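A short worksheet on the structure shown next.
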Amino acid sequence: MELRLIRLEEINFDDTRFRFNLDKPDEKLIFSIQRAGLIEPVVVKSEGQAFILVTGWRRVEASRQAGLKEIPALVMPLRWTDLTLFRLAFFESYARKDFSLAEKALIIKKFIEFGLSPEELIEEFLSRLELPPERQTIDLLTQLASLDWALPSIHCGRWKLSTARLFLSFFPEERRAIIGLGETLNHNQQAELIELLYTLKKRQKVGLETILAVEEIKPLVEAARDRQPRAGLELLTALRKRAFPLVTEINREMQGALRQINLSGNSHFDYDHSLEKGSISISFEARTTEEIELVVEQLKQNVKEGKFDVLFGLLNKKIDE
Amino acid sequence: MRQNNWIKKIYVNRQVENSPLVERITDRLKAIPHQLVDCLEEVQAELRLAADPIAESKRVLFLTREKAFIRPCPCSPGAVPCGYWTVDLNLNCPLDCSYCILQAYFNLQPLTIAVNQEELQSELDAFLAGTRSKVLRIGTGELGDSLALEAISHQASFLTDLFRKKKGVWLELKTKTAAINSLLAVPASENVVLAWSLNTERIIKMEEIGSASLEERLRSAEKAVEHGFMVAFHFDPIVYYSGWEKEYGEVCESLLKKIPLAALAWVSLGTLRFPGKLREIARQRFPHSSIYEEEMVRGRDGKFRYPRPLRMRIYQTLAEIFKAHNSGDKLYLCMESPAVWEDFSRQNKKGKQFASPFFWHE
């Protein structure tokens with residue numbers, strides 16, 4: 001291998017065969033390069049009149065934005081195969097970077113393209129990538145990697161394998177709709193959004209389009225697509241209400257019943273919102289015996305008026321079809 | 001019901017190569033290729049390459065030895081335990097139920113038969129000598145169907161003979177099959193209970209792949225009773241769907257019509273419940289199934305269940321049918337919270353202490 005300076009214009013940026021890092025250069029890196037130049041050489045492969053980047057996509061992009069014309073590069077021997085070079089690129093990043101699921105998907109897809117067998121991938125890489133060492137993991141992530149339009153969102157959303165698996169069970173046009181809805185949500189919220197949409201779709205045996213066209217959902221969908229602040233969260237709330245109608249309704253009635261109870265002393269009521277426990281807990285603050293007596297009297301009064309019967313009735317509600 | 005011809009390969013642990021049971025099984029399954037291996041990992045390396053490793057694990061048989069067989073049944077944290085013990089001579093199950101917890105519990109576990117079953121005798125004697133319980137219930141159906149491999153292993157009939165005359169111990173053999181021929185070939189034992197998981201025909205067809213039909217299960221139960229065995233039934237999981245009330249009601253009525261009360265040991269009720277991991281697996285493996293998509297809440301044990309009011313309604317609906325046939329006292333709930341137990345006991349087991357909800361403890 002040879003260390004030399006290469007001109008940025010000599011790099012063929014269209015050839016992304018070795019690229020799997022989806023991070024973009026940040027301000028700090030660009031600023032550092034502006035001040036000190038690029039110190040750590042990138043790795044390139046010579047092909048025809050151009051160079052193909054093997055490692056250093058983020059550094060090269062930062063160098064370009066910092067206004068550099070030339071950067072140091074290690075030019076790898078021509079006899080090295082693409083698989084050898086990709087293995088080098090992988091291990092160059094492996095120790096210092098937590099790969100996102102989207103990056104792991106790209107890594108697996110590219111290893112397959114470079115000729116690594118599933119057995120070798122399972123043996124050598126899947127556990128290192130903290131993935132289940134099974135053939136079906138390879139199949140799933142190869143499928144995910146083929147959705148190049150979705151990978152930046154999946155990368156930024158730090159999706160988990162379970163979210164990706166559910167996402168891939170939607171029809172292709174539905175996947176596009178989902179990516180458009182989740183842009184303003186964090187990764188947990190994105191996972192919940194996909195979970196709720198999947199549940200409603202299966203339960204109602206309809207397409208995603210039908211779910212999103214429901215009267216109270218539609219305006220929230222449009223607002224989420226426009227990336228309006230809080231629109232994504234409001235959409236999640238509306239979907240939860242549809243997915244959990246029984247629990248939502250009892251909780252709504254509980255809130256109304258709790259508001260009817262008059263108690264002083266900075267009192268606080270709590271209960272299990274999943275309704276698994278049929279009890280309530282009551283807490284209050286008191287600085288004197290008189291204050292305690294007052295709260296006890298108020299409690300008695302509320303009991304007498306049947307307000308707690310309403311609460312317990314709701315918590316232990318008998319339902320009909 | 002599945003026959004043995006769906007097994008595509010047999011792996012034999014080299015340590016048990018000369019075991020008489022290995023010889024008998026490989027002789028019975030002559031047409032199926034078999035291979036000696038040094039350890040389970042060798043089998044797992046093959047399973048890893050399958051498109052559906054869980055389905056694949058149900059098609060390969062692993063004959064090996066196990067170090068121990070008796071374990072406490074792992075109840076859910078926060079649920080009322082029933083003091084059940086398991087004896088596991090087999091691991092994994094050839095049936096493929098969409099809701100089966102074994103999909104999430106096992107990791108690349110082939111259908112496994114412990115061929116050193118004779119070692120259970122001494123373990124059981126030591127276990128019984130060390131236990132303080134006056135009455136024990138122990139069963140084989142937790143980590144696999146008790147009878148699904150019976151035609152090739154004959155382990156249920158072996159256990160029946162082993163437990164015969166063990167005072168104060170109930171052996172329960174739980175199945176979704178009709179494979180009772182080997183048990184009909186040995187004398188019944190008063191402490192051996194043959195139990196069937198029951199569900200509606202709709203759920204059996206849609207969700208319990210490879211299992212016997214409802215009619216076949218009930219017919220087998222009738223035969224078992226005629227032979228002298230006590231029988232038990234598990235409505236587990238009860239699945240909520242449009243029409244559940246009518247269809248589960250019909251199953252209960254059918255059971256109560258066919259099985260004499262005196263032969264009925266117990267009936268458990270348990271609604272569908274599952275950890276998130278199982279749902280993730282099952283959604284992928286059973287895309288046609290929608291049982292995971294009803295309204296569910298996540299409990300403190302991390303498992304998803306129907307909301308408590310719905311569970312109570314389901315339990316009470318079925319309990320009323322059993323009570324109408326004077327068999328309400330045969331019922332218990334499986335893996336339920338104290339809140340549900342209290343409510344259920346209040347409505348169905350008046351005068352009995354909640355502290356001991358299971359009638360065989362009384």
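For the structure tokens, the naming scheme is as follows: chains receive sequential letters (A, B, ...) according to their order of presentation, residues are indexed from 1 within each chain, and ligands are indexed from 1 in presentation order.
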Expected answer as a VMD selection string: chain B residues within 9 Å of chain A, only C-alpha atoms: chain B and resid 45 47 to 53 277 280 283 to 284 287 289 to 300 307 to 310 312 to 313 337 to 340 343
Just the selected residues (N, CA and C atoms), exported as a short mmCIF file (atom, residue, chain, number, x, y, z; two decimals), in the first residue's frame, please.
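Writing done, so here's out_6.cif:
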```cif
data_model
loop_
_atom_site.label_atom_id
_atom_site.label_comp_id
_atom_site.auth_asym_id
_atom_site.auth_seq_id
_atom_site.Cartn_x
_atom_site.Cartn_y
_atom_site.Cartn_z
N ALA B 45 -25.96 -25.55 14.68
CA ALA B 45 -25.29 -24.92 13.53
C ALA B 45 -26.09 -25.16 12.25
N LEU B 47 -29.44 -25.73 12.23
CA LEU B 47 -30.72 -25.03 12.38
C LEU B 47 -30.59 -23.54 12.05
N ARG B 48 -29.45 -22.97 12.39
CA ARG B 48 -29.22 -21.55 12.15
C ARG B 48 -29.37 -21.15 10.68
N LEU B 49 -29.13 -22.11 9.81
CA LEU B 49 -29.13 -21.80 8.38
C LEU B 49 -30.52 -21.89 7.76
N ALA B 50 -31.50 -22.34 8.54
CA ALA B 50 -32.85 -22.50 7.99
C ALA B 50 -33.55 -21.15 7.89
N ALA B 51 -34.43 -21.04 6.90
CA ALA B 51 -35.19 -19.78 6.74
C ALA B 51 -36.10 -19.57 7.96
N ASP B 52 -36.62 -20.66 8.51
CA ASP B 52 -37.42 -20.58 9.73
C ASP B 52 -36.85 -21.62 10.72
N PRO B 53 -35.89 -21.18 11.55
CA PRO B 53 -35.21 -22.14 12.43
C PRO B 53 -36.16 -22.82 13.41
N LYS B 277 -41.59 -10.74 23.19
CA LYS B 277 -40.69 -11.46 22.29
C LYS B 277 -41.47 -12.52 21.49
N GLU B 280 -43.40 -10.95 18.67
CA GLU B 280 -42.51 -10.60 17.55
C GLU B 280 -42.24 -11.83 16.67
N ARG B 283 -45.69 -13.11 14.95
CA ARG B 283 -46.16 -12.26 13.85
C ARG B 283 -45.43 -12.61 12.56
N GLN B 284 -44.17 -12.97 12.71
CA GLN B 284 -43.38 -13.31 11.54
C GLN B 284 -43.72 -14.71 11.03
N PRO B 287 -48.21 -15.08 9.80
CA PRO B 287 -48.77 -13.80 9.35
C PRO B 287 -50.29 -13.82 9.19
N SER B 289 -52.35 -15.07 11.34
CA SER B 289 -52.98 -15.04 12.67
C SER B 289 -53.19 -13.60 13.14
N SER B 290 -54.35 -13.35 13.74
CA SER B 290 -54.55 -12.00 14.28
C SER B 290 -54.81 -12.05 15.79
N ILE B 291 -54.49 -13.18 16.43
CA ILE B 291 -54.79 -13.29 17.87
C ILE B 291 -53.96 -12.34 18.71
N TYR B 292 -52.84 -11.89 18.17
CA TYR B 292 -51.97 -10.99 18.95
C TYR B 292 -52.40 -9.54 18.86
N GLU B 293 -53.42 -9.28 18.07
CA GLU B 293 -53.73 -7.88 17.77
C GLU B 293 -54.96 -7.35 18.49
N GLU B 294 -55.52 -8.12 19.42
CA GLU B 294 -56.64 -7.58 20.20
C GLU B 294 -56.12 -6.61 21.25
N GLU B 295 -57.04 -5.94 21.92
CA GLU B 295 -56.62 -4.99 22.96
C GLU B 295 -55.96 -5.75 24.11
N MET B 296 -54.74 -5.36 24.42
CA MET B 296 -53.96 -6.06 25.46
C MET B 296 -53.32 -5.02 26.37
N VAL B 297 -53.08 -5.40 27.61
CA VAL B 297 -52.28 -4.55 28.50
C VAL B 297 -51.05 -5.33 28.92
N ARG B 298 -50.00 -4.60 29.22
CA ARG B 298 -48.76 -5.26 29.64
C ARG B 298 -48.72 -5.31 31.16
N GLY B 299 -48.61 -6.49 31.72
CA GLY B 299 -48.61 -6.66 33.17
C GLY B 299 -47.23 -6.43 33.76
N ARG B 300 -47.17 -6.51 35.10
CA ARG B 300 -45.89 -6.28 35.75
C ARG B 300 -44.89 -7.39 35.45
N PRO B 307 -57.37 -6.87 28.86
CA PRO B 307 -57.64 -6.08 30.06
C PRO B 307 -58.44 -6.90 31.07
N ARG B 308 -58.19 -6.63 32.35
CA ARG B 308 -58.79 -7.46 33.42
C ARG B 308 -60.31 -7.57 33.30
N PRO B 309 -61.04 -6.49 32.99
CA PRO B 309 -62.50 -6.66 32.89
C PRO B 309 -62.90 -7.69 31.83
N LEU B 310 -62.15 -7.73 30.74
CA LEU B 310 -62.47 -8.70 29.69
C LEU B 310 -62.12 -10.12 30.14
N MET B 312 -62.07 -11.21 33.17
CA MET B 312 -63.07 -11.64 34.16
C MET B 312 -64.35 -12.08 33.48
N ARG B 313 -64.72 -11.36 32.45
CA ARG B 313 -65.95 -11.72 31.74
C ARG B 313 -65.80 -13.11 31.09
N SER B 337 -53.46 -13.06 38.24
CA SER B 337 -53.05 -12.18 39.32
C SER B 337 -53.94 -12.39 40.54
N PRO B 338 -53.46 -11.97 41.71
CA PRO B 338 -54.30 -12.06 42.91
C PRO B 338 -55.62 -11.32 42.73
N ALA B 339 -55.62 -10.18 42.03
CA ALA B 339 -56.87 -9.41 41.85
C ALA B 339 -57.92 -10.24 41.10
N VAL B 340 -57.50 -10.94 40.08
CA VAL B 340 -58.43 -11.76 39.30
C VAL B 340 -58.87 -12.98 40.11
N ASP B 343 -61.47 -11.96 42.73
CA ASP B 343 -62.76 -11.71 42.11
C ASP B 343 -63.41 -13.04 41.70
#
```
d(CA of Ala213 in chain A, CA of Gln228 in chain A) in Å: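 For CA of Ala213 in chain A relative to CA of Gln228 in chain A, the distance reads 18.4 Å.
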Closest of B:Asn92, B:Ala151, B:Ala179, B:Lys166 to Leu124 in chain B - atom-to-atom distances counting only C-alpha atoms: B:Lys166
7 Å contact set for Arg14 in chain B, only C-alpha atoms, chain neighbours under 3 positions out, as a list of chain:residue names: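 Skipping anything fewer than 3 positions along the chain leaves B:Glu17, B:Leu36, B:Val37, B:Asp38.
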Filtering to C-alpha atoms, could you give me those residues as an mmCIF file, in the first residue's frame?
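Wrote again_22.cif, looks like this:
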```
data_model
loop_
_atom_site.group_PDB
_atom_site.id
_atom_site.type_symbol
_atom_site.label_atom_id
_atom_site.label_comp_id
_atom_site.auth_asym_id
_atom_site.auth_seq_id
_atom_site.Cartn_x
_atom_site.Cartn_y
_atom_site.Cartn_z
ATOM 1 C CA GLU B 17 -25.013 -44.142 20.833
ATOM 2 C CA LEU B 36 -23.780 -39.005 15.255
ATOM 3 C CA VAL B 37 -22.829 -35.663 16.811
ATOM 4 C CA ASP B 38 -20.647 -34.668 19.726
#
```
Residues within 8 Å of Ile280 in chain A, only C-alpha atoms, excluding chain neighbours under 2 positions, as a list in words: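 Everything that qualifies: Phe269, Asp270, Tyr271, Asp272, Gly278 and Ile282 of chain A.
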Range 71-242 of chain B: residues DSSP assigns to strand (DSSP E or B), reported as number ranges by chain: B: 71-72, 84-87, 90-91, 96-97, 111-114, 136-139, 169-175, 192-198, 208-209, 230-238
Could the residues in this selection be saved with C-alpha atoms as a short mmCIF file (atom, residue, chain, number, x, y, z; two decimals), in the first residue's frame?
```cif
data_model
loop_
_atom_site.label_atom_id
_atom_site.label_comp_id
_atom_site.auth_asym_id
_atom_site.auth_seq_id
_atom_site.Cartn_x
_atom_site.Cartn_y
_atom_site.Cartn_z
CA ARG B 71 -38.07 -28.73 37.93
CA PRO B 72 -40.58 -26.34 39.49
CA TYR B 84 -46.84 -27.50 39.86
CA TRP B 85 -43.68 -29.44 39.06
CA THR B 86 -42.50 -30.55 35.68
CA VAL B 87 -40.69 -33.66 34.60
CA ASN B 90 -38.61 -34.38 26.01
CA LEU B 91 -37.81 -30.85 24.96
CA ASP B 96 -46.74 -25.73 15.80
CA CYS B 97 -49.18 -23.57 17.74
CA LEU B 111 -37.03 -32.09 19.23
CA THR B 112 -35.10 -33.70 22.01
CA ILE B 113 -35.65 -37.04 23.68
CA ALA B 114 -33.68 -37.85 26.80
CA LEU B 136 -47.86 -33.00 44.56
CA ARG B 137 -48.86 -32.38 41.01
CA ILE B 138 -46.20 -33.05 38.44
CA GLY B 139 -46.51 -33.10 34.68
CA VAL B 169 -48.36 -37.59 43.67
CA TRP B 170 -50.44 -36.79 40.65
CA LEU B 171 -48.75 -37.29 37.32
CA GLU B 172 -50.37 -35.23 34.60
CA LEU B 173 -49.74 -35.93 30.91
CA LYS B 174 -50.87 -32.95 28.84
CA THR B 175 -51.53 -33.18 25.14
CA VAL B 192 -52.10 -40.57 36.53
CA VAL B 193 -54.24 -37.94 34.86
CA LEU B 194 -54.43 -37.61 31.10
CA ALA B 195 -55.11 -33.99 30.23
CA TRP B 196 -56.12 -32.31 27.01
CA SER B 197 -55.73 -28.69 26.08
CA LEU B 198 -59.02 -27.66 24.58
CA GLU B 208 -52.80 -25.19 16.50
CA ILE B 209 -51.04 -26.62 13.48
CA MET B 230 -58.77 -39.72 35.44
CA VAL B 231 -58.81 -36.89 32.90
CA ALA B 232 -58.29 -33.14 33.05
CA PHE B 233 -58.76 -30.28 30.62
CA HIS B 234 -57.05 -26.98 30.05
CA PHE B 235 -58.88 -24.17 28.33
CA ASP B 236 -55.62 -22.47 27.62
CA PRO B 237 -55.20 -20.15 25.92
CA ILE B 238 -58.73 -18.88 25.68
#
```
Nearby residues (only C-alpha atoms) at most 9 Å from Ser63 in chain A, same-chain spacing under 6 positions excluded, as an MDAnalysis selection string: chainID A and resid 8 29:30 33:34 37:38 69:71
Close residues, Arg225 in chain A itself excluded, 12 Å, only C-alpha atoms, min 2 positions apart in chain, as an MDAnalysis selection string: chainID A and resid 176:185 212 218:223 227:232 235
Shell of 9 Å around Cys252 in chain B, only C-alpha atoms, local chain residues under 3 positions omitted, as a list of chain:residue names: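 The residues satisfying every condition are B:Glu247, B:Tyr248, B:Gly249, B:Leu255, B:Leu256, B:Lys257, B:Leu318, B:Ile321, B:Phe322.
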Backbone-only DSSP, helix (DSSP H, G or I) members of range 14-98 of chain A, as a ChimeraX atom specification: /A:27-36,57-66,82-94
Closest of B:Leu102, B:Val186, B:Asn116, B:Pro94 to Ala148 in chain B - atom-to-atom distances counting only C-alpha atoms: B:Pro94
CA of Leu162 in chain B to CA of Gln121 in chain B, straight-line distance in Å: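 About the pair CA of Gln121 in chain B and CA of Leu162 in chain B: they are 7.3 Å apart.
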